[in-house]
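Structure file query.pdb (PDB, C-alpha atoms) is printed below.
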```pdb
ATOM      1  CA  MET A  55     206.729 140.440  87.049
ATOM      2  CA  ASN A  56     210.049 139.734  88.732
ATOM      3  CA  GLY A  57     213.598 141.036  88.756
ATOM      4  CA  LYS A  58     215.235 137.851  87.483
ATOM      5  CA  THR A  59     216.896 137.804  84.078
ATOM      6  CA  ASP A  60     216.787 134.035  83.464
ATOM      7  CA  PHE A  61     213.013 133.513  83.681
ATOM      8  CA  THR A  62     209.753 135.414  83.396
ATOM      9  CA  ILE A  63     206.320 134.940  84.937
ATOM     10  CA  LYS A  64     203.240 135.656  82.867
ATOM     11  CA  PRO A  65     199.582 134.618  82.979
ATOM     12  CA  GLY A  66     198.222 131.756  80.916
ATOM     13  CA  PHE A  67     199.537 129.005  78.665
ATOM     14  CA  LEU A  68     198.861 127.613  75.199
ATOM     15  CA  ASP A  69     196.666 124.615  74.435
ATOM     16  CA  ALA A  70     199.805 122.855  73.187
ATOM     17  CA  GLU A  71     201.300 123.312  76.675
ATOM     18  CA  ARG A  72     198.416 121.586  78.493
ATOM     19  CA  PRO A  73     200.237 118.205  78.682
ATOM     20  CA  ILE A  74     203.293 119.904  80.206
ATOM     21  CA  ILE A  75     201.224 121.690  82.854
ATOM     22  CA  ALA A  76     199.253 118.502  83.564
ATOM     23  CA  GLU A  77     202.446 116.482  84.042
ATOM     24  CA  LEU A  78     203.939 119.161  86.290
ATOM     25  CA  TYR A  79     200.775 119.309  88.386
ATOM     26  CA  TRP A  80     200.659 115.525  88.704
ATOM     27  CA  GLN A  81     204.300 115.344  89.737
ATOM     28  CA  ALA A  82     203.517 117.761  92.559
ATOM     29  CA  PHE A  83     200.154 116.389  93.702
ATOM     30  CA  GLY A  84     199.899 112.871  92.301
ATOM     31  CA  ALA A  85     200.863 111.227  95.583
ATOM     32  CA  LYS A  86     197.900 112.925  97.254
ATOM     33  CA  LEU A  87     195.421 112.486  94.400
ATOM     34  CA  ASN A  88     196.391 109.135  92.888
ATOM     35  CA  SER A  89     193.871 107.121  94.909
ATOM     36  CA  VAL A  90     191.070 109.327  93.574
ATOM     37  CA  LEU A  91     192.163 110.542  90.128
ATOM     38  CA  GLY A  92     194.492 107.693  89.188
ATOM     39  CA  PRO A  93     195.640 105.710  87.377
ATOM     40  CA  THR A  94     198.191 108.143  85.990
ATOM     41  CA  LEU A  95     197.176 107.971  82.315
ATOM     42  CA  LEU A  96     193.551 108.694  83.178
ATOM     43  CA  ALA A  97     194.553 111.505  85.522
ATOM     44  CA  HIS A  98     196.719 113.115  82.831
ATOM     45  CA  SER A  99     193.907 112.903  80.309
ATOM     46  CA  PHE A 100     191.450 114.463  82.756
ATOM     47  CA  LEU A 101     193.829 117.259  83.783
ATOM     48  CA  ILE A 102     194.712 118.129  80.190
ATOM     49  CA  ASP A 103     191.000 118.470  79.488
ATOM     50  CA  VAL A 104     190.002 120.625  82.480
ATOM     51  CA  LEU A 105     193.025 122.923  82.958
ATOM     52  CA  ASP A 106     192.037 126.577  82.524
ATOM     53  CA  PRO A 107     194.875 128.924  81.481
ATOM     54  CA  LYS A 108     192.948 131.979  82.717
ATOM     55  CA  PHE A 109     193.722 130.941  86.292
ATOM     56  CA  GLY A 110     197.443 130.205  86.112
ATOM     57  CA  LEU A 111     200.684 132.175  86.299
ATOM     58  CA  VAL A 112     203.509 130.432  84.454
ATOM     59  CA  ALA A 113     207.284 130.752  84.867
ATOM     60  CA  ARG A 114     209.337 130.214  81.707
ATOM     61  CA  ASP A 115     213.039 130.387  80.922
ATOM     62  CA  THR A 116     214.426 132.625  78.200
ATOM     63  CA  GLY A 117     213.788 129.881  75.647
ATOM     64  CA  GLY A 118     210.112 129.683  76.568
ATOM     65  CA  ARG A 119     210.314 126.357  78.416
ATOM     66  CA  ILE A 120     207.928 126.017  81.352
ATOM     67  CA  LEU A 121     209.669 125.988  84.730
ATOM     68  CA  GLY A 122     206.727 126.262  87.098
ATOM     69  CA  VAL A 123     203.113 127.237  87.534
ATOM     70  CA  ALA A 124     200.978 128.779  90.259
ATOM     71  CA  GLY A 125     197.237 128.273  89.972
ATOM     72  CA  TYR A 126     194.426 130.047  91.732
ATOM     73  CA  LYS A 127     190.672 129.804  92.161
ATOM     74  CA  THR A 128     187.944 132.451  92.070
ATOM     75  CA  ASN A 129     184.168 132.381  91.759
ATOM     76  CA  GLU A 130     184.702 132.357  87.981
ATOM     77  CA  GLY A 131     186.878 129.250  87.826
ATOM     78  CA  ALA A 132     190.156 127.569  88.763
ATOM     79  CA  LEU A 133     193.369 126.271  87.234
ATOM     80  CA  VAL A 134     192.022 122.739  87.636
ATOM     81  CA  GLY A 135     188.397 123.232  86.714
ATOM     82  CA  GLY A 136     185.873 120.811  85.353
ATOM     83  CA  GLY A 137     182.680 119.344  86.709
ATOM     84  CA  VAL A 138     180.791 116.082  86.993
ATOM     85  CA  SER A 139     180.237 115.876  83.239
ATOM     86  CA  ASP A 140     183.990 116.224  82.622
ATOM     87  CA  MET A 141     184.755 113.485  85.127
ATOM     88  CA  THR A 142     182.140 111.206  83.615
ATOM     89  CA  ARG A 143     183.665 111.672  80.176
ATOM     90  CA  HIS A 144     186.996 110.339  81.456
ATOM     91  CA  TYR A 145     186.071 108.006  84.322
ATOM     92  CA  GLY A 146     182.616 106.804  83.344
ATOM     93  CA  PHE A 147     179.459 106.992  85.448
ATOM     94  CA  LEU A 148     180.484 104.466  88.105
ATOM     95  CA  GLY A 149     184.027 105.825  88.337
ATOM     96  CA  THR A 150     182.680 109.324  88.846
ATOM     97  CA  LEU A 151     180.106 108.189  91.393
ATOM     98  CA  TRP A 152     182.685 107.278  94.043
ATOM     99  CA  ARG A 153     185.331 109.837  93.089
ATOM    100  CA  VAL A 154     183.212 112.982  93.470
ATOM    101  CA  PRO A 155     182.446 112.582  97.220
ATOM    102  CA  LEU A 156     186.137 112.045  97.964
ATOM    103  CA  LEU A 157     187.189 115.079  95.924
ATOM    104  CA  LEU A 158     184.615 117.182  97.782
ATOM    105  CA  VAL A 159     186.563 116.457 100.979
ATOM    106  CA  LEU A 160     189.483 118.400  99.477
ATOM    107  CA  GLU A 161     187.296 121.186  98.069
ATOM    108  CA  ARG A 162     187.855 124.670  99.517
ATOM    109  CA  GLU A 163     185.323 127.449  99.121
ATOM    110  CA  VAL A 164     186.299 130.859  97.739
ATOM    111  CA  GLU A 165     186.100 133.462 100.510
ATOM    112  CA  GLU A 166     185.301 137.151 100.272
ATOM    113  CA  GLY A 167     188.435 139.313  99.907
ATOM    114  CA  LEU A 168     190.755 136.309  99.600
ATOM    115  CA  LEU A 169     192.540 134.734  96.629
ATOM    116  CA  LEU A 170     192.524 130.950  96.938
ATOM    117  CA  MET A 171     195.567 129.195  95.498
ATOM    118  CA  ASP A 172     194.988 126.090  93.373
ATOM    119  CA  GLY A 173     198.467 124.580  93.485
ATOM    120  CA  ILE A 174     202.035 125.724  92.948
ATOM    121  CA  CYS A 175     204.693 123.518  91.361
ATOM    122  CA  VAL A 176     208.201 123.857  89.936
ATOM    123  CA  THR A 177     210.001 121.399  87.664
ATOM    124  CA  GLU A 178     212.612 119.304  89.436
ATOM    125  CA  ALA A 179     215.411 120.649  87.217
ATOM    126  CA  ALA A 180     214.488 124.267  88.038
ATOM    127  CA  ARG A 181     214.342 123.949  91.816
ATOM    128  CA  GLY A 182     216.719 126.061  93.864
ATOM    129  CA  ARG A 183     216.539 129.032  91.479
ATOM    130  CA  GLY A 184     213.980 131.011  93.465
ATOM    131  CA  ILE A 185     211.125 130.230  91.089
ATOM    132  CA  GLY A 186     208.762 129.082  93.821
ATOM    133  CA  SER A 187     209.310 132.316  95.736
ATOM    134  CA  ALA A 188     208.881 134.356  92.553
ATOM    135  CA  LEU A 189     205.602 132.582  91.752
ATOM    136  CA  LEU A 190     204.324 133.323  95.250
ATOM    137  CA  GLU A 191     205.294 136.985  94.850
ATOM    138  CA  ALA A 192     203.474 137.036  91.510
ATOM    139  CA  ILE A 193     200.364 135.544  93.120
ATOM    140  CA  LYS A 194     200.488 138.144  95.903
ATOM    141  CA  SER A 195     200.847 140.925  93.339
ATOM    142  CA  HIS A 196     197.947 139.483  91.367
ATOM    143  CA  ALA A 197     195.776 139.441  94.502
ATOM    144  CA  THR A 198     196.728 143.056  95.183
ATOM    145  CA  ASP A 199     195.827 144.017  91.614
ATOM    146  CA  MET A 200     192.448 142.350  92.166
ATOM    147  CA  LYS A 201     192.046 144.471  95.316
ATOM    148  CA  LEU A 202     191.954 141.372  97.507
ATOM    149  CA  ASP A 203     193.330 141.473 101.038
ATOM    150  CA  ALA A 204     194.801 137.988 101.399
ATOM    151  CA  VAL A 205     196.029 134.828  99.694
ATOM    152  CA  ARG A 206     195.225 131.384 101.097
ATOM    153  CA  LEU A 207     196.877 128.044 100.446
ATOM    154  CA  ASP A 208     196.890 124.670 102.205
ATOM    155  CA  VAL A 209     199.984 122.570 102.840
ATOM    156  CA  ILE A 210     199.924 118.938 103.941
ATOM    157  CA  ASP A 211     201.793 117.735 107.015
ATOM    158  CA  SER A 212     204.111 115.544 104.939
ATOM    159  CA  ASN A 213     205.552 118.517 103.028
ATOM    160  CA  PRO A 214     207.629 120.516 105.558
ATOM    161  CA  ARG A 215     209.816 121.978 102.791
ATOM    162  CA  ALA A 216     206.842 123.714 101.178
ATOM    163  CA  ARG A 217     205.583 124.868 104.579
ATOM    164  CA  ALA A 218     208.965 126.464 105.318
ATOM    165  CA  LEU A 219     208.902 128.266 101.949
ATOM    166  CA  TYR A 220     205.438 129.678 102.617
ATOM    167  CA  GLN A 221     206.482 130.872 106.049
ATOM    168  CA  ARG A 222     209.496 132.646 104.557
ATOM    169  CA  GLU A 223     207.166 134.331 102.093
ATOM    170  CA  GLY A 224     204.991 135.752 104.860
ATOM    171  CA  PHE A 225     202.236 133.130 105.079
ATOM    172  CA  VAL A 226     201.002 132.408 108.607
ATOM    173  CA  GLU A 227     199.177 129.336 109.899
ATOM    174  CA  GLU A 228     195.500 129.877 110.602
ATOM    175  CA  GLY A 229     194.117 126.430 111.326
ATOM    176  CA  ASP A 230     194.244 122.716 110.522
ATOM    177  CA  THR A 231     192.098 120.249 108.656
ATOM    178  CA  ASN A 232     192.340 116.713 110.018
ATOM    179  CA  MET A 233     191.700 113.973 107.482
ATOM    180  CA  GLY A 234     190.648 111.379 110.066
ATOM    181  CA  PRO A 235     190.075 107.927 108.546
ATOM    182  CA  LEU A 236     190.543 109.359 105.035
ATOM    183  CA  GLN A 237     194.266 109.802 105.647
ATOM    184  CA  SER A 238     194.734 106.316 104.217
ATOM    185  CA  VAL A 239     193.102 107.507 100.977
ATOM    186  CA  PHE A 240     195.003 110.757 100.536
ATOM    187  CA  GLY A 241     198.272 109.824 102.230
ATOM    188  CA  PHE A 242     198.451 112.647 104.781
ATOM    189  CA  ARG A 243     197.028 113.186 108.279
ATOM    190  CA  SER A 244     196.298 116.912 108.196
ATOM    191  CA  ALA A 245     196.691 120.106 106.210
ATOM    192  CA  LYS A 246     197.640 123.546 107.455
ATOM    193  CA  ARG A 247     195.642 126.531 106.274
ATOM    194  CA  MET A 248     198.202 129.285 105.587
ATOM    195  CA  VAL A 249     197.331 132.869 104.716
ATOM    196  CA  TRP A 250     199.287 135.874 103.496
ATOM    197  CA  HIS A 251     197.678 139.191 104.445
ATOM    198  CA  ARG A 252     198.247 142.276 102.357
ATOM    199  CA  PRO A 253     200.068 144.895 104.488
ATOM    200  CA  THR A 254     197.725 147.411 106.084
ATOM    201  CA  GLN A 255     199.431 150.394 104.451
ATOM    202  CA  CYS A 256     198.933 148.848 101.005
ATOM    203  CA  ARG A 257     195.267 148.284 101.718
ATOM    204  CA  ASN A 258     194.827 151.879 102.876
ATOM    205  CA  ALA A 259     196.611 153.182  99.777
ATOM    206  CA  ALA A 260     194.299 151.187  97.535
ATOM    207  CA  ASN A 261     191.158 152.497  99.220
TER     208      ASN A 261
END
```
Could you quickly redo this structure as structure tokens?
Amino acid sequence: MNGKTDFTIKPGFLDAERPIIAELYWQAFGAKLNSVLGPTLLAHSFLIDVLDPKFGLVARDTGGRILGVAGYKTNEGALVGGGVSDMTRHYGFLGTLWRVPLLLVLEREVEEGLLLMDGICVTEAARGRGIGSALLEAIKSHATDMKLDAVRLDVIDSNPRARALYQREGFVEEGDTNMGPLQSVFGFRSAKRMVWHRPTQCRNAAN
């Protein structure tokens, strides 16, 4: 799915790789989610349980080691799936009771004709090798294969490096979500909605 010779990007991962994906995801988003899904050991256990390989594209080196992952969400599921029963199994009834309303604040609905990203992360050792860009290209290609016209992601205001990457990859800003008083919970003030639109000529060719 890319022209590189030192890594490949393919869909899915093995059950044995769930802890690796969970750790990678937590490294990328733990600062934002720790107040809700933490402590770390509980969060890891929950993520390992609810990760769905059907909704992830994984970058691996030539030895098969995971370098990065890009998740997405559709009406059928998401990379980080799970429901109330899954949360209760890990956090208990009372722990779930206060966590669910906070997580709903971060929830984004799937929109018609649009592929919704569910996180992108690259291992620290593999950064600077173009893997993030390659994962975004793979996601865009996947959306095109699904005959969708756009890809959406959200980037928080405290991550300008990621925002710059998305802009280089053709994503444009299309609105903000202000966290208001909940910024103290999640650790950021606002998030930019960024969307990549499939070129018009490609859409016409597919129709």
Running the PyMOL selection byres ((chain A and resi 186) around 8) on this model by hand, what would come out? Give it as a PDB file with C-alpha atoms, in the coordinates of the input.
```pdb
ATOM      1  CA  GLY A 122     206.727 126.262  87.098  1.00  0.00           C
ATOM      2  CA  ILE A 174     202.035 125.724  92.948  1.00  0.00           C
ATOM      3  CA  CYS A 175     204.693 123.518  91.361  1.00  0.00           C
ATOM      4  CA  VAL A 176     208.201 123.857  89.936  1.00  0.00           C
ATOM      5  CA  ARG A 181     214.342 123.949  91.816  1.00  0.00           C
ATOM      6  CA  GLY A 184     213.980 131.011  93.465  1.00  0.00           C
ATOM      7  CA  ILE A 185     211.125 130.230  91.089  1.00  0.00           C
ATOM      8  CA  SER A 187     209.310 132.316  95.736  1.00  0.00           C
ATOM      9  CA  ALA A 188     208.881 134.356  92.553  1.00  0.00           C
ATOM     10  CA  LEU A 189     205.602 132.582  91.752  1.00  0.00           C
ATOM     11  CA  LEU A 190     204.324 133.323  95.250  1.00  0.00           C
TER      12      LEU A 190
END
```
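Between Glu71 (chain A) and the residues A:Pro93, A:Gly173, A:Gly118, A:Gly84, the shortest atom-to-atom distance, using all atoms listed in the file, involves A:Gly118.
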Across A:Glu223, A:Glu161, A:Asp211, A:Glu191, the smallest distance to Arg243 (chain A), with only C-alpha atoms counted, is shown by A:Asp211
Using all atoms listed in the file, what residues lie at most 12 Å away from (197.3, 114.2, 99.2) (file coordinates), given as an MDAnalysis selection string?
chainID A and resid 80:91 156:157 159:160 173 208:213 233 236:245
> On this structure, which residues satisfy the PyMOL selection byres ((chain A and resi 132-140) around 6), written as a ChimeraX atom specification?
Replying inline: /A:104-106,109-110,125-127,131,141-143
Notebook entry, point to check: Contacts of region 74-76 of chain A at 9 Å or less, counting only C-alpha atoms, minus same-chain residues fewer than 5 places along, as number ranges by chain?
Noted result: A: 67, 81, 97-102, 105, 120, 122-123
Could you write those residues out with C-alpha atoms, as a CSV table (one decimal), keeping the file's coordinate frame?
```
chain,number,residue,atom,x,y,z
A,67,PHE,CA,199.5,129.0,78.7
A,81,GLN,CA,204.3,115.3,89.7
A,97,ALA,CA,194.6,111.5,85.5
A,98,HIS,CA,196.7,113.1,82.8
A,99,SER,CA,193.9,112.9,80.3
A,100,PHE,CA,191.4,114.5,82.8
A,101,LEU,CA,193.8,117.3,83.8
A,102,ILE,CA,194.7,118.1,80.2
A,105,LEU,CA,193.0,122.9,83.0
A,120,ILE,CA,207.9,126.0,81.4
A,122,GLY,CA,206.7,126.3,87.1
A,123,VAL,CA,203.1,127.2,87.5
```
| said: From (185.9, 130.9, 101.4), in the file's coordinates, out to 12 Å: which residues are reached, counting all atoms listed in the file? Answer as a VMD selection string. | reply: chain A and resid 127 to 129 161 to 171 204 to 207 247
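Coordinates place CA of Lys64 (chain A) at a distance of 21.4 Å from CA of Asp103 (chain A).
With CA of Pro73 (chain A) on one side and CA of Phe61 (chain A) on the other, the separation reads 20.6 Å.
Here CA of Leu202 (chain A) stands at a distance of 15.2 Å from CA of Phe225 (chain A).
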Give me the box for region 105-123 of chain A as JSON, namely the centre and edge lengths in Å to one decimal of a box along x, y and z that holds every listed atom plus 6 Å on each side.
```
{"center_x": 203.2, "center_y": 127.8, "center_z": 81.6, "size_x": 34.4, "size_y": 21.7, "size_z": 23.9}
```
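Take the candidates A:Tyr145, A:Trp250, A:Tyr220, A:Tyr79 and check each one against Ser195 (chain A) using only C-alpha atoms; the shortest distance goes to A:Trp250.
Of the residues listed (A:Ala192, A:Met248, A:Leu158, A:Ala197), A:Met248 shows the shortest atom-to-atom separation from Gln221 (chain A); distances use all atoms listed in the file.
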The PyMOL selection byres ((chain A and resi 117) around 12) resolved against shown file, as a PDB file with C-alpha atoms, in the frame of the given file:
```
ATOM      1  CA  THR A  59     216.896 137.804  84.078  1.00  0.00           C
ATOM      2  CA  ASP A  60     216.787 134.035  83.464  1.00  0.00           C
ATOM      3  CA  PHE A  61     213.013 133.513  83.681  1.00  0.00           C
ATOM      4  CA  THR A  62     209.753 135.414  83.396  1.00  0.00           C
ATOM      5  CA  ALA A 113     207.284 130.752  84.867  1.00  0.00           C
ATOM      6  CA  ARG A 114     209.337 130.214  81.707  1.00  0.00           C
ATOM      7  CA  ASP A 115     213.039 130.387  80.922  1.00  0.00           C
ATOM      8  CA  THR A 116     214.426 132.625  78.200  1.00  0.00           C
ATOM      9  CA  GLY A 118     210.112 129.683  76.568  1.00  0.00           C
ATOM     10  CA  ARG A 119     210.314 126.357  78.416  1.00  0.00           C
ATOM     11  CA  ILE A 120     207.928 126.017  81.352  1.00  0.00           C
ATOM     12  CA  LEU A 121     209.669 125.988  84.730  1.00  0.00           C
TER      13      LEU A 121
END
```
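Minimum distance to Lys108 (chain A) across A:Gly224, A:Pro65, A:Gly182, A:Gly149 (counting all atoms listed in the file) occurs at A:Pro65.
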